[in-house]
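Okay, so here's the structure we're looking at.
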Number of protein chains: 2
Amino acid sequence: MNQKTGAVLVLSGPSGAGKSSLINKIINDIGPTYFSISTTTRPIRAGEEDGVHYHFVSEEVFSQDIEAEMFLEYAVVHGNHYGTSLGPVKKALKEGKLVIFDIDVQGHDAVQHRLGDITTSVFITTPTLLELKSRLKNRSTDSDEVIAKRLEMAKREVQRISEYDYLIVNDALEEAAEVLVSVAKAARMKIPTLQINEFIQMWEAQG
Amino acid sequence: MNQKTGAVLVLSGPSGAGKSSLINKIINDIGPTYFSISTTTRPIRAGEEDGVHYHFVSEEVFSQDIEAEMFLEYAVVHGNHYGTSLGPVKKALKEGKLVIFDIDVQGHDAVQHRLGDITTSVFITTPTLLELKSRLKNRSTDSDEVIAKRLEMAKREVQRISEYDYLIVNDALEEAAEVLVSVAKAARMKIPTLQINEFIQMWEAQG
């Protein structure tokens, strides 16, 4: 029974809090995972690859996918569409993988609604807003306008930390990674109600 | 913020499922802990020590403690009183320790009610009822009558697994211990709502 079921790990938090660095650091230490790749209509940026960072599609294709109910969740952020396709997630869960989502607070809402009983959620943030500002400026990938938008969004998202199971303050990467490994390993142990009922029947039958 | 708050880990499951062996195996790997020692009116058994396995008290003392509201929870099991004193738990939480409870389903209810937002709960069981029977018989510490009572209680408790955050099937001790370490480390990261509100204020103030 242990470690044989698929489960979901939702990671949210401001862009610049270090989610990607943390995931890359722990991905080989937490067993079989599927990292959910979002679909978006926003323009591809320098250094990004289609099918790796996002599936980049047109507004037209995105609208067709919405109508075909192919999304677990979708939302508009800064004027662009972002969505999570359901198909690959279902497949990964059947294979017993830990499905990792890097999504915003709205996306977490939707995943919680659809897959709540196998979902563990973690909010990752910088120690302070000031630190977030300085990280976003130092990485020099965003314009001042985009940084301002990110900071506004961060302020709104931070208000909803209590909707998450865990809060990780990414002050020191090593320490934060160690915490995330434990949370991810534990996340895999969350067992859907349906399987608990099966387990109880099986447990008693062999008595 | 990380790893600085006290938190609660509740372990439940049938006597004979290996809770004690598991705890002893992991206790040095999960950071500062306080193992809650229950108070009971049941007679002391061979090999048990007052203040280590239980605080053994008379029915009279137990009744006085109930009236003085000194218990976080208490219950009657197999005709004897069992309770958890609140004082040492509060002290350990203030010191930032992970407070571990080895209590039954009723006790879990009470802890959840009082300390729910910092509590992680784990149900530990054998793979089957048959296996539980055989372990109880092999350890030869209980009479047939006590074993029968334990099995009846186990059947009732197993029905309530879905009230727990995690289920660990103790089939192989090494594997189960590894899972419990992750769950215990993650448990420490659960942050009370009050502190989240403080964190949000502090986070924004430094921006």
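Letters for chains follow the order of the structure tokens (A, B, ...), residue numbers begin at 1 for each chain, and ligand numbers begin at 1 in the order shown.
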
Please determine the contact residues of chain B with respect to chain A at a cut-off of 7 Å, counting only C-alpha atoms, and supply them as number ranges by chain.
B: 1-2, 127-130, 158-159, 162, 165-166, 168-169, 179, 182-183, 185-186, 189-191, 193, 196, 200, 203-204, 206-207

Could you save those same residues with C-alpha atoms as a CSV table (one decimal), in the first residue's frame?
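Saved result, again.csv, follows:
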```
chain,number,residue,atom,x,y,z
B,1,MET,CA,10.2,30.9,10.1
B,2,ASN,CA,10.9,27.4,8.9
B,127,PRO,CA,-1.4,-5.1,6.4
B,128,THR,CA,-4.3,-7.3,7.5
B,129,LEU,CA,-6.4,-8.2,10.6
B,130,LEU,CA,-4.9,-11.7,10.3
B,158,VAL,CA,-9.8,0.9,11.2
B,159,GLN,CA,-13.3,2.1,10.1
B,162,SER,CA,-10.2,8.4,6.7
B,165,ASP,CA,-4.0,12.7,7.2
B,166,TYR,CA,-1.9,9.6,6.4
B,168,ILE,CA,1.1,3.8,7.0
B,169,VAL,CA,0.8,0.1,6.5
B,179,VAL,CA,7.7,7.2,5.4
B,182,SER,CA,9.1,12.3,6.1
B,183,VAL,CA,5.6,12.7,7.6
B,185,LYS,CA,9.5,16.3,9.3
B,186,ALA,CA,6.6,17.8,7.3
B,189,MET,CA,6.1,22.8,9.0
B,190,LYS,CA,2.4,23.1,9.7
B,191,ILE,CA,1.8,26.7,10.8
B,193,THR,CA,-3.4,30.5,11.3
B,196,ILE,CA,0.4,33.1,9.2
B,200,ILE,CA,1.8,38.3,6.2
B,203,TRP,CA,6.2,40.2,5.0
B,204,GLU,CA,4.5,43.3,3.7
B,206,GLN,CA,9.4,45.0,4.9
B,207,GLY,CA,8.6,46.0,1.3
```

Give me the residues within 9 Å of Val57 in chain A as number ranges by chain, counting only C-alpha atoms and dropping any in the same chain fewer than 2 places off.
A: 39-43, 55, 59-62

If you keep C-alpha atoms, can you produce a file of those selected residues as a short mmCIF file (atom, residue, chain, number, x, y, z; two decimals), in the first residue's frame?
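As written to disk, part_27.cif reads:
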```cif
data_model
loop_
_atom_site.label_atom_id
_atom_site.label_comp_id
_atom_site.auth_asym_id
_atom_site.auth_seq_id
_atom_site.Cartn_x
_atom_site.Cartn_y
_atom_site.Cartn_z
CA THR A 39 -0.39 25.56 -21.71
CA THR A 40 -0.29 29.29 -22.38
CA THR A 41 -1.12 31.88 -24.99
CA ARG A 42 1.59 34.28 -23.85
CA PRO A 43 4.54 34.88 -26.20
CA HIS A 55 3.07 24.41 -24.29
CA GLU A 59 -5.76 31.96 -28.47
CA GLU A 60 -7.76 29.96 -31.04
CA VAL A 61 -6.33 26.59 -29.99
CA PHE A 62 -6.73 27.49 -26.33
#
```

DSSP alpha helix (DSSP H) selection over range 136-171 of chain A, as a PyMOL selection string:
chain A and resi 136-139+144-158

Expected file: the selected residues, C-alpha atoms, as a PDB file, in the first residue's frame:
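result-v2.pdb was written with the following content:
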```pdb
ATOM      1  CA  LEU A 136      13.229  40.257  -9.274  1.00  0.00           C
ATOM      2  CA  LYS A 137      15.403  43.279 -10.045  1.00  0.00           C
ATOM      3  CA  ASN A 138      18.646  41.333  -9.772  1.00  0.00           C
ATOM      4  CA  ARG A 139      17.633  38.563 -12.160  1.00  0.00           C
ATOM      5  CA  ASP A 144      10.008  47.414 -14.505  1.00  0.00           C
ATOM      6  CA  GLU A 145       6.369  47.213 -15.581  1.00  0.00           C
ATOM      7  CA  VAL A 146       6.315  43.394 -15.345  1.00  0.00           C
ATOM      8  CA  ILE A 147       8.096  43.515 -11.976  1.00  0.00           C
ATOM      9  CA  ALA A 148       5.465  45.942 -10.673  1.00  0.00           C
ATOM     10  CA  LYS A 149       2.693  43.557 -11.833  1.00  0.00           C
ATOM     11  CA  ARG A 150       4.441  40.578 -10.208  1.00  0.00           C
ATOM     12  CA  LEU A 151       4.760  42.438  -6.915  1.00  0.00           C
ATOM     13  CA  GLU A 152       1.088  43.410  -6.931  1.00  0.00           C
ATOM     14  CA  MET A 153       0.119  39.793  -7.629  1.00  0.00           C
ATOM     15  CA  ALA A 154       2.492  38.585  -4.890  1.00  0.00           C
ATOM     16  CA  LYS A 155       0.826  40.904  -2.366  1.00  0.00           C
ATOM     17  CA  ARG A 156      -2.590  39.474  -3.255  1.00  0.00           C
ATOM     18  CA  GLU A 157      -1.394  35.854  -3.218  1.00  0.00           C
ATOM     19  CA  VAL A 158       0.370  36.108   0.128  1.00  0.00           C
TER      20      VAL A 158
END
```

To one decimal place in Å, what is the distance between CA of Val77 in chain B and CA of Asp104 in chain B?
9.4 Å

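The two atoms in question, CA of Gly13 in chain B and CA of Ala110 in chain B, are spaced 15.9 Å apart.
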
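The residue that comes closest to Tyr74 in chain B, out of B:Arg45, B:Glu95, B:Gln106, B:Tyr54 and on the basis of only C-alpha atoms, is B:Gln106.
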
Among range 59-128 of chain B, which residues carry a DSSP assignment of strand (DSSP E), reported as a PyMOL selection string?
chain B and resi 71-77+80-85+98-102+119-125

I need the chosen residues saved as a PDB file, in the first residue's frame, with C-alpha atoms.
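Once everything was written out, this is part09.pdb:
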```pdb
ATOM      1  CA  PHE B  71      -6.553  17.093  30.620  1.00  0.00           C
ATOM      2  CA  LEU B  72      -6.350  17.852  26.927  1.00  0.00           C
ATOM      3  CA  GLU B  73      -8.452  14.727  26.493  1.00  0.00           C
ATOM      4  CA  TYR B  74      -9.410  11.691  28.489  1.00  0.00           C
ATOM      5  CA  ALA B  75     -11.365   8.517  27.867  1.00  0.00           C
ATOM      6  CA  VAL B  76     -12.323   5.154  29.253  1.00  0.00           C
ATOM      7  CA  VAL B  77     -10.834   2.141  27.448  1.00  0.00           C
ATOM      8  CA  ASN B  80      -9.722   2.092  32.736  1.00  0.00           C
ATOM      9  CA  HIS B  81      -9.201   5.853  32.488  1.00  0.00           C
ATOM     10  CA  TYR B  82      -6.591   7.265  30.116  1.00  0.00           C
ATOM     11  CA  GLY B  83      -5.814  10.976  29.768  1.00  0.00           C
ATOM     12  CA  THR B  84      -3.357  13.502  28.368  1.00  0.00           C
ATOM     13  CA  SER B  85      -2.221  16.329  30.625  1.00  0.00           C
ATOM     14  CA  LEU B  98       7.114  18.398  17.817  1.00  0.00           C
ATOM     15  CA  VAL B  99       4.698  16.888  20.335  1.00  0.00           C
ATOM     16  CA  ILE B 100       4.010  13.230  19.554  1.00  0.00           C
ATOM     17  CA  PHE B 101       0.859  11.538  20.809  1.00  0.00           C
ATOM     18  CA  ASP B 102       0.299   7.797  20.728  1.00  0.00           C
ATOM     19  CA  THR B 119      -1.835  18.720  14.015  1.00  0.00           C
ATOM     20  CA  THR B 120      -0.813  16.041  11.534  1.00  0.00           C
ATOM     21  CA  SER B 121      -2.293  12.605  12.107  1.00  0.00           C
ATOM     22  CA  VAL B 122      -1.125   9.177  11.041  1.00  0.00           C
ATOM     23  CA  PHE B 123      -2.901   5.869  11.313  1.00  0.00           C
ATOM     24  CA  ILE B 124      -0.498   2.930  11.550  1.00  0.00           C
ATOM     25  CA  THR B 125      -1.713  -0.587  10.984  1.00  0.00           C
TER      26      THR B 125
END
```

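CA of Phe56 in chain B lies 22.8 Å from CA of Ser140 in chain B.
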
List the spatial neighbours of Ser20 in chain A as a PDB file with N, CA and C atoms, in the first residue's frame - criterion: any atom at most 12 Å away, only C-alpha atoms, same-chain residues fewer than 4 positions off excluded.
```pdb
ATOM      1  N   LEU A  11       2.607  23.587  -5.849  1.00  0.00           N
ATOM      2  CA  LEU A  11       3.516  24.627  -5.374  1.00  0.00           C
ATOM      3  C   LEU A  11       3.049  25.973  -5.915  1.00  0.00           C
ATOM      4  N   SER A  12       2.829  26.911  -5.011  1.00  0.00           N
ATOM      5  CA  SER A  12       2.489  28.268  -5.428  1.00  0.00           C
ATOM      6  C   SER A  12       3.444  29.237  -4.759  1.00  0.00           C
ATOM      7  N   GLY A  13       3.348  30.474  -5.189  1.00  0.00           N
ATOM      8  CA  GLY A  13       4.201  31.500  -4.587  1.00  0.00           C
ATOM      9  C   GLY A  13       4.676  32.451  -5.654  1.00  0.00           C
ATOM     10  N   PRO A  14       5.123  33.635  -5.242  1.00  0.00           N
ATOM     11  CA  PRO A  14       5.508  34.658  -6.201  1.00  0.00           C
ATOM     12  C   PRO A  14       6.622  34.193  -7.132  1.00  0.00           C
ATOM     13  N   SER A  15       6.549  34.641  -8.357  1.00  0.00           N
ATOM     14  CA  SER A  15       7.663  34.494  -9.281  1.00  0.00           C
ATOM     15  C   SER A  15       8.847  35.224  -8.648  1.00  0.00           C
ATOM     16  N   GLY A  16       9.971  34.527  -8.481  1.00  0.00           N
ATOM     17  CA  GLY A  16      11.122  35.121  -7.817  1.00  0.00           C
ATOM     18  C   GLY A  16      11.372  34.546  -6.428  1.00  0.00           C
ATOM     19  N   ASN A  24      14.194  21.869  -8.971  1.00  0.00           N
ATOM     20  CA  ASN A  24      15.351  21.246  -9.623  1.00  0.00           C
ATOM     21  C   ASN A  24      16.259  20.571  -8.606  1.00  0.00           C
ATOM     22  N   LYS A  25      16.366  21.178  -7.447  1.00  0.00           N
ATOM     23  CA  LYS A  25      17.260  20.667  -6.397  1.00  0.00           C
ATOM     24  C   LYS A  25      16.753  19.348  -5.810  1.00  0.00           C
ATOM     25  N   ILE A  26      15.430  19.189  -5.741  1.00  0.00           N
ATOM     26  CA  ILE A  26      14.904  18.016  -5.032  1.00  0.00           C
ATOM     27  C   ILE A  26      14.356  16.919  -5.948  1.00  0.00           C
ATOM     28  N   ILE A  27      14.223  17.227  -7.236  1.00  0.00           N
ATOM     29  CA  ILE A  27      13.459  16.355  -8.132  1.00  0.00           C
ATOM     30  C   ILE A  27      13.974  14.905  -8.153  1.00  0.00           C
ATOM     31  N   PHE A  35       6.066  16.360 -13.791  1.00  0.00           N
ATOM     32  CA  PHE A  35       5.955  17.793 -13.606  1.00  0.00           C
ATOM     33  C   PHE A  35       4.988  18.344 -14.635  1.00  0.00           C
ATOM     34  N   HIS A  53       9.106  24.494 -20.955  1.00  0.00           N
ATOM     35  CA  HIS A  53       8.644  25.502 -19.990  1.00  0.00           C
ATOM     36  C   HIS A  53       7.126  25.632 -20.027  1.00  0.00           C
ATOM     37  N   ILE A 100       3.416  17.156  -9.898  1.00  0.00           N
ATOM     38  CA  ILE A 100       3.774  18.454  -9.311  1.00  0.00           C
ATOM     39  C   ILE A 100       3.227  19.587 -10.182  1.00  0.00           C
ATOM     40  N   PHE A 101       2.493  20.491  -9.560  1.00  0.00           N
ATOM     41  CA  PHE A 101       1.987  21.671 -10.247  1.00  0.00           C
ATOM     42  C   PHE A 101       2.686  22.914  -9.710  1.00  0.00           C
ATOM     43  N   ASP A 102       3.165  23.733 -10.613  1.00  0.00           N
ATOM     44  CA  ASP A 102       3.641  25.066 -10.226  1.00  0.00           C
ATOM     45  C   ASP A 102       2.584  26.034 -10.737  1.00  0.00           C
ATOM     46  N   ILE A 103       1.608  26.341  -9.889  1.00  0.00           N
ATOM     47  CA  ILE A 103       0.460  27.145 -10.325  1.00  0.00           C
ATOM     48  C   ILE A 103       0.123  28.234  -9.303  1.00  0.00           C
ATOM     49  N   ILE A 124       5.358  28.871  -1.326  1.00  0.00           N
ATOM     50  CA  ILE A 124       6.789  29.190  -1.193  1.00  0.00           C
ATOM     51  C   ILE A 124       6.967  30.681  -1.401  1.00  0.00           C
ATOM     52  N   ASN A 170      11.662  30.659   1.707  1.00  0.00           N
ATOM     53  CA  ASN A 170      12.919  30.322   1.039  1.00  0.00           C
ATOM     54  C   ASN A 170      13.992  31.365   1.338  1.00  0.00           C
ATOM     55  N   LEU A 173      18.492  28.268   0.570  1.00  0.00           N
ATOM     56  CA  LEU A 173      18.029  27.258  -0.379  1.00  0.00           C
ATOM     57  C   LEU A 173      18.160  25.825   0.159  1.00  0.00           C
ATOM     58  N   ALA A 177      15.050  23.407   0.737  1.00  0.00           N
ATOM     59  CA  ALA A 177      14.992  22.189  -0.072  1.00  0.00           C
ATOM     60  C   ALA A 177      14.775  20.963   0.818  1.00  0.00           C
TER      61      ALA A 177
END
```
